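*Asks:* Provided herewith: query-v5.cif, mmCIF, C-alpha atoms.
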data_upload
#
loop_
_atom_site.group_PDB
_atom_site.id
_atom_site.type_symbol
_atom_site.label_atom_id
_atom_site.label_comp_id
_atom_site.auth_asym_id
_atom_site.auth_seq_id
_atom_site.Cartn_x
_atom_site.Cartn_y
_atom_site.Cartn_z
ATOM 1 C CA MET E 1154 269.494 164.473 69.106
ATOM 2 C CA GLU E 1155 268.532 161.675 66.758
ATOM 3 C CA ILE E 1156 269.125 163.970 63.810
ATOM 4 C CA ASN E 1157 272.646 164.690 65.090
ATOM 5 C CA GLU E 1158 273.321 161.000 65.587
ATOM 6 C CA GLU E 1159 271.926 160.277 62.147
ATOM 7 C CA LYS E 1160 274.109 162.973 60.568
ATOM 8 C CA LEU E 1161 277.071 161.795 62.580
ATOM 9 C CA LYS E 1162 276.416 158.255 61.365
ATOM 10 C CA LYS E 1163 276.224 159.493 57.740
ATOM 11 C CA TRP E 1164 279.398 161.457 58.229
ATOM 12 C CA GLU E 1165 281.160 158.383 59.694
ATOM 13 C CA ASP E 1166 279.899 156.271 56.778
ATOM 14 C CA ALA E 1167 281.169 158.863 54.289
ATOM 15 C CA PHE E 1168 284.485 159.072 56.117
ATOM 16 C CA SER E 1169 284.766 155.266 56.128
ATOM 17 C CA SER E 1170 283.903 155.178 52.421
ATOM 18 C CA LYS E 1171 286.614 157.772 51.674
ATOM 19 C CA LEU E 1172 289.149 155.724 53.637
ATOM 20 C CA ASP E 1173 288.130 152.601 51.713
ATOM 21 C CA LYS E 1174 288.601 154.489 48.448
ATOM 22 C CA MET E 1175 292.033 155.684 49.566
ATOM 23 C CA GLU E 1176 293.030 152.146 50.467
ATOM 24 C CA GLU E 1177 291.772 150.934 47.082
ATOM 25 C CA ALA E 1178 293.829 153.635 45.312
ATOM 26 C CA ILE E 1179 296.923 152.594 47.276
ATOM 27 C CA LYS E 1180 296.317 148.908 46.431
ATOM 28 C CA ARG E 1181 295.892 149.743 42.742
ATOM 29 C CA THR E 1182 299.085 151.782 42.794
ATOM 30 C CA GLU E 1183 300.978 148.877 44.374
ATOM 31 C CA ILE E 1184 299.530 146.441 41.803
ATOM 32 C CA PHE E 1185 300.512 148.808 38.987
ATOM 33 C CA VAL E 1186 304.062 149.189 40.330
ATOM 34 C CA GLU E 1187 304.383 145.399 40.590
ATOM 35 C CA THR E 1188 303.062 145.027 37.023
ATOM 36 C CA VAL E 1189 305.622 147.553 35.789
ATOM 37 C CA ARG E 1190 308.369 145.639 37.584
ATOM 38 C CA GLU E 1191 307.246 142.366 36.024
ATOM 39 C CA ASN E 1192 307.094 143.964 32.589
ATOM 40 C CA GLN E 1193 310.589 145.368 33.036
ATOM 41 C CA LEU E 1194 311.906 141.952 34.077
ATOM 42 C CA GLN E 1195 310.216 140.351 31.058
ATOM 43 C CA GLU E 1196 311.657 142.999 28.737
ATOM 44 C CA GLN E 1197 315.108 142.584 30.253
ATOM 45 C CA SER E 1198 314.828 138.811 29.855
ATOM 46 C CA ARG E 1199 313.743 139.255 26.230
ATOM 47 C CA LEU E 1200 316.684 141.559 25.582
ATOM 48 C CA ASN E 1201 319.076 139.096 27.202
ATOM 49 C CA GLU E 1202 317.683 136.252 25.080
ATOM 50 C CA SER E 1203 317.892 138.383 21.956
ATOM 51 C CA PHE E 1204 321.465 139.339 22.775
ATOM 52 C CA GLN E 1205 322.331 135.676 23.387
ATOM 53 C CA GLU E 1206 320.751 134.688 20.042
ATOM 54 C CA ILE E 1207 322.805 137.337 18.280
ATOM 55 C CA VAL E 1208 325.987 136.183 20.012
ATOM 56 C CA ASP E 1209 325.179 132.536 19.192
ATOM 57 C CA HIS E 1210 324.470 133.480 15.557
ATOM 58 C CA PHE E 1211 327.715 135.417 15.381
ATOM 59 C CA ASN E 1212 329.635 132.485 16.903
ATOM 60 C CA ILE E 1213 328.120 130.110 14.324
ATOM 61 C CA GLN E 1214 328.907 132.544 11.532
ATOM 62 C CA SER E 1215 332.447 132.987 12.849
ATOM 63 C CA LYS E 1216 332.860 129.209 13.046
ATOM 64 C CA ASN E 1217 331.596 128.861 9.462
ATOM 65 C CA VAL E 1218 334.044 131.505 8.273
ATOM 66 C CA THR E 1219 336.845 129.710 10.121
ATOM 67 C CA GLU E 1220 335.845 126.423 8.495
ATOM 68 C CA ILE E 1221 335.822 128.077 5.084
ATOM 69 C CA HIS E 1222 339.286 129.491 5.767
ATOM 70 C CA ASP E 1223 340.420 126.045 6.933
ATOM 71 C CA LYS E 1224 339.144 124.498 3.696
ATOM 72 C CA GLN E 1225 340.802 127.214 1.667
ATOM 73 C CA MET E 1226 344.015 126.608 3.579
ATOM 74 C CA ASP E 1227 343.744 122.864 2.902
ATOM 75 C CA ILE E 1228 343.201 123.556 -0.795
ATOM 76 C CA MET E 1229 346.077 126.009 -0.846
ATOM 77 C CA LEU E 1230 348.298 123.579 1.066
ATOM 78 C CA LYS E 1231 347.399 120.779 -1.334
ATOM 79 C CA SER E 1232 348.128 123.096 -4.226
ATOM 80 C CA LEU E 1233 351.387 124.102 -2.612
ATOM 81 C CA SER E 1234 352.236 120.464 -1.998
ATOM 82 C CA SER E 1235 351.590 119.572 -5.619
ATOM 83 C CA LYS E 1236 353.813 122.450 -6.720
ATOM 84 C CA ILE E 1237 356.577 121.164 -4.466
ATOM 85 C CA GLU E 1238 356.213 117.724 -6.026
ATOM 86 C CA GLU E 1239 356.399 119.229 -9.490
ATOM 87 C CA PHE E 1240 359.515 121.096 -8.465
ATOM 88 C CA SER E 1241 361.205 117.953 -7.173
ATOM 89 C CA VAL E 1242 360.426 116.052 -10.419
ATOM 90 C CA ALA E 1243 361.708 118.922 -12.514
ATOM 91 C CA GLU E 1244 364.693 119.465 -10.204
ATOM 92 C CA LYS E 1245 366.985 117.241 -12.193
ATOM 93 C CA LYS E 1246 366.244 119.104 -15.384
ATOM 94 C CA ARG E 1247 366.147 122.594 -13.918
ATOM 95 C CA GLU E 1248 368.882 122.839 -11.375
ATOM 96 C CA ASN E 1249 369.767 126.307 -12.572
ATOM 97 C CA THR E 1250 366.229 127.634 -11.896
ATOM 98 C CA LEU E 1251 365.727 125.873 -8.545
ATOM 99 C CA GLY E 1252 366.844 128.863 -6.504
ATOM 100 C CA SER E 1253 364.333 131.071 -8.305
ATOM 101 C CA MET E 1254 361.541 128.572 -7.773
ATOM 102 C CA GLN E 1255 362.346 128.226 -4.053
ATOM 103 C CA ASN E 1256 362.270 132.004 -3.662
ATOM 104 C CA THR E 1257 358.855 132.095 -5.319
ATOM 105 C CA LEU E 1258 357.633 129.324 -3.060
ATOM 106 C CA HIS E 1259 358.847 131.102 0.086
ATOM 107 C CA GLN E 1260 357.239 134.355 -1.032
ATOM 108 C CA GLU E 1261 353.924 132.595 -1.586
ATOM 109 C CA GLN E 1262 354.136 130.942 1.826
ATOM 110 C CA LYS E 1263 354.996 134.257 3.474
ATOM 111 C CA ARG E 1264 352.161 136.037 1.665
ATOM 112 C CA PHE E 1265 349.775 133.243 2.598
ATOM 113 C CA ASN E 1266 350.807 133.441 6.268
ATOM 114 C CA GLN E 1267 350.534 137.227 6.234
ATOM 115 C CA LEU E 1268 347.081 137.084 4.635
ATOM 116 C CA PHE E 1269 345.988 134.439 7.101
ATOM 117 C CA ASP E 1270 347.265 136.513 10.044
ATOM 118 C CA ILE E 1271 345.470 139.592 8.656
ATOM 119 C CA LYS E 1272 342.224 137.652 8.259
ATOM 120 C CA VAL E 1273 342.448 136.281 11.799
ATOM 121 C CA ARG E 1274 343.136 139.772 13.225
ATOM 122 C CA GLN E 1275 340.269 141.243 11.208
ATOM 123 C CA SER E 1276 337.898 138.542 12.455
ATOM 124 C CA MET E 1277 338.971 139.150 16.043
ATOM 125 C CA LYS E 1278 338.527 142.925 15.688
ATOM 126 C CA GLN E 1279 335.083 142.436 14.134
ATOM 127 C CA THR E 1280 334.111 140.123 16.978
ATOM 128 C CA GLU E 1281 335.307 142.590 19.621
ATOM 129 C CA THR E 1282 333.571 145.501 17.895
ATOM 130 C CA PHE E 1283 330.336 143.550 17.591
ATOM 131 C CA GLU E 1284 330.391 142.441 21.223
ATOM 132 C CA LYS E 1285 331.139 145.986 22.400
ATOM 133 C CA SER E 1286 328.330 147.460 20.309
ATOM 134 C CA MET E 1287 325.901 144.811 21.598
ATOM 135 C CA ARG E 1288 326.913 145.582 25.195
ATOM 136 C CA ASP E 1289 326.462 149.312 24.533
ATOM 137 C CA ILE E 1290 323.017 148.720 23.012
ATOM 138 C CA GLN E 1291 321.971 146.547 25.929
ATOM 139 C CA LEU E 1292 323.198 149.119 28.456
ATOM 140 C CA GLN E 1293 321.342 151.892 26.613
ATOM 141 C CA GLU E 1294 318.140 149.836 26.566
ATOM 142 C CA LEU E 1295 318.451 148.980 30.254
ATOM 143 C CA SER E 1296 319.088 152.624 31.096
ATOM 144 C CA ARG E 1297 316.054 153.700 29.032
ATOM 145 C CA LEU E 1298 313.869 151.080 30.721
ATOM 146 C CA ASN E 1299 315.089 152.060 34.192
ATOM 147 C CA ASN E 1300 314.433 155.749 33.461
ATOM 148 C CA SER E 1301 310.923 154.959 32.200
ATOM 149 C CA TYR E 1302 310.237 152.831 35.236
ATOM 150 C CA LEU E 1303 311.438 155.578 37.596
ATOM 151 C CA GLU E 1304 309.307 158.180 35.796
ATOM 152 C CA ILE E 1305 306.213 155.993 36.087
ATOM 153 C CA VAL E 1306 306.831 155.294 39.781
ATOM 154 C CA GLU E 1307 307.402 159.010 40.456
ATOM 155 C CA HIS E 1308 304.211 159.888 38.563
ATOM 156 C CA PHE E 1309 302.167 157.454 40.621
ATOM 157 C CA LYS E 1310 303.733 158.663 43.862
ATOM 158 C CA ILE E 1311 302.733 162.221 42.970
ATOM 159 C CA GLN E 1312 299.264 161.099 41.893
ATOM 160 C CA SER E 1313 298.804 159.081 45.086
ATOM 161 C CA LYS E 1314 300.024 162.029 47.185
ATOM 162 C CA ASN E 1315 297.593 164.379 45.372
ATOM 163 C CA VAL E 1316 294.683 161.993 45.925
ATOM 164 C CA THR E 1317 295.624 161.688 49.611
ATOM 165 C CA GLU E 1318 295.848 165.484 49.968
ATOM 166 C CA ILE E 1319 292.451 165.937 48.270
ATOM 167 C CA HIS E 1320 290.865 163.364 50.563
ATOM 168 C CA GLY E 1321 292.529 165.014 53.570
ATOM 169 C CA LYS E 1322 291.137 168.424 52.571
ATOM 170 C CA GLN E 1323 287.693 166.919 52.044
ATOM 171 C CA MET E 1324 287.894 165.354 55.501
ATOM 172 C CA ASP E 1325 288.937 168.712 57.028
ATOM 173 C CA ILE E 1326 286.018 170.452 55.325
ATOM 174 C CA MET E 1327 283.632 167.769 56.518
ATOM 175 C CA LEU E 1328 284.964 168.083 60.087
ATOM 176 C CA ILE E 1329 284.636 171.864 59.981
ATOM 177 C CA LEU E 1330 281.092 171.574 58.598
ATOM 178 C CA GLY E 1331 280.270 169.049 61.308
ATOM 179 C CA ILE E 1332 281.597 171.372 64.019
ATOM 180 C CA VAL E 1333 279.760 174.368 62.531
ATOM 181 C CA PHE E 1334 276.604 172.311 62.261
ATOM 182 C CA GLN E 1335 276.877 171.134 65.878
ATOM 183 C CA THR E 1336 277.678 174.657 67.059
ATOM 184 C CA ARG E 1337 274.565 175.994 65.369
ATOM 185 C CA ARG E 1338 272.525 173.200 66.837
ATOM 186 C CA ILE E 1339 273.790 173.926 70.314
ATOM 187 C CA GLN E 1340 272.956 177.623 69.961
#
Rewrite the structure of this file - the entire thing - as structure tokens.
*Replies:*
Amino acid sequence: MEINEEKLKKWEDAFSSKLDKMEEAIKRTEIFVETVRENQLQEQSRLNESFQEIVDHFNIQSKNVTEIHDKQMDIMLKSLSSKIEEFSVAEKKRENTLGSMQNTLHQEQKRFNQLFDIKVRQSMKQTETFEKSMRDIQLQELSRLNNSYLEIVEHFKIQSKNVTEIHGKQMDIMLILGIVFQTRRIQ
């Protein structure tokens, strides 16, 4: 009887040890999943910061380009103003050519305005294209990260299920062996 109790005690200890190992595996899986979540959040934060830096850089660059265009406009306006002054001084001497000069001036102003409008539209299109491409890149990266995360979680679920099934089968075998052993003892 003592031998049976001793074997039963060993079997209970082994069973308890297996349960402890299963609980440890579950805890490790939960820790790993949490670590993956934290890593994903850090990566997403890094991507957001990177995107913001790119947008900030683009805004600064766009502002610089606008300032350059403003300076060029000021220079062109000053140049245009000086030409107008020259025309008014020469007006008394060149009344016959004034009409021609005014036409030239209007054409230059129109061309300048058209070029300026084209430049502004081009800058706006470039900005929109850049922002769209950055959004697309960010969405692709987030999708890739989410897919990776889901694959890892699924893998660990399967692995945890397999470990649980193996432990369950081992427990069944141990129970069957215990019953067989007790049956033989009784006989």
*Asks:* Between E:Arg1297, E:Lys1310, E:Lys1236, E:Lys1231, which has the minimum distance to Phe1185 in chain E (counting all atoms listed in the file)?
*Replies:*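 Using all atoms listed in the file, the shortest distance to Phe1185 in chain E belongs to E:Lys1310.
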*Asks:* Taking into account only C-alpha atoms, which residue in the set E:Trp1164, E:Phe1309, E:Phe1204, E:Phe1283 is nearest to Ile1332 in chain E?
*Replies:* E:Trp1164
*Asks:* Distance table requested - range 1176-1207 of chain E against range 1311-1325 of chain E, cut-off 10 Å, all atoms listed in the file: one row per qualifying residue with the closest atom pair and its distance in Å to one decimal, ordered by chain and rising residue number, as JSON lines.
*Replies:*
{"residue": "E:Glu1176", "atom": "CA", "partner": "E:Thr1317", "partner_atom": "CA", "distance": 9.9}
{"residue": "E:Ala1178", "atom": "CA", "partner": "E:Ser1313", "partner_atom": "CA", "distance": 7.4}
{"residue": "E:Ile1179", "atom": "CA", "partner": "E:Ser1313", "partner_atom": "CA", "distance": 7.1}
{"residue": "E:Thr1182", "atom": "CA", "partner": "E:Ser1313", "partner_atom": "CA", "distance": 7.7}
*Asks:* CA of Ser1301 in chain E and CA of Gln1193 in chain E are how many Å apart?
*Replies:*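 CA of Gln1193 in chain E lies at a distance of 9.6 Å from CA of Ser1301 in chain E.
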*Asks:* Hey, which of E:Gln1197, E:Asn1212, E:Asn1192, E:Ile1184 ends up closest to Glu1294 in chain E? Count all atoms listed in the file.
*Replies:*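 Of all the options, E:Gln1197 lies closest to Glu1294 in chain E.
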*Asks:* Measure the distance from CA of Glu1238 in chain E to CA of Met1226 in chain E in Å and round it to one decimal.
*Replies:*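 Interatomic distance here is 17.9 Å.
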*Asks:* Which residue gives the smallest distance to Ser1198 in chain E among E:Gln1335, E:Leu1268, E:Leu1295, E:Ile1237, with all atoms listed in the file counted?
*Replies:* E:Leu1295
*Asks:* With only C-alpha atoms as the atoms that count, which of E:Lys1263, E:Lys1272, E:Arg1337, E:Arg1288 lies nearest to His1222 in chain E?
*Replies:*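 Once distances to His1222 in chain E are computed over only C-alpha atoms, the minimum belongs to E:Lys1272.
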*Asks:* Under the rule that all atoms listed in the file are counted, which of E:Glu1187, E:Glu1261, E:Asp1166, E:Asp1209 is the nearest residue to Thr1280 in chain E?
*Replies:*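 Smallest distance to Thr1280 in chain E is found for E:Asp1209.
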*Asks:* So the first atom is CA of Val1186 in chain E and the second is CA of Val1306 in chain E; what is the distance between them in Å, to one decimal place?
*Replies:*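 Going from CA of Val1186 in chain E over to CA of Val1306 in chain E, I get 6.7 Å.
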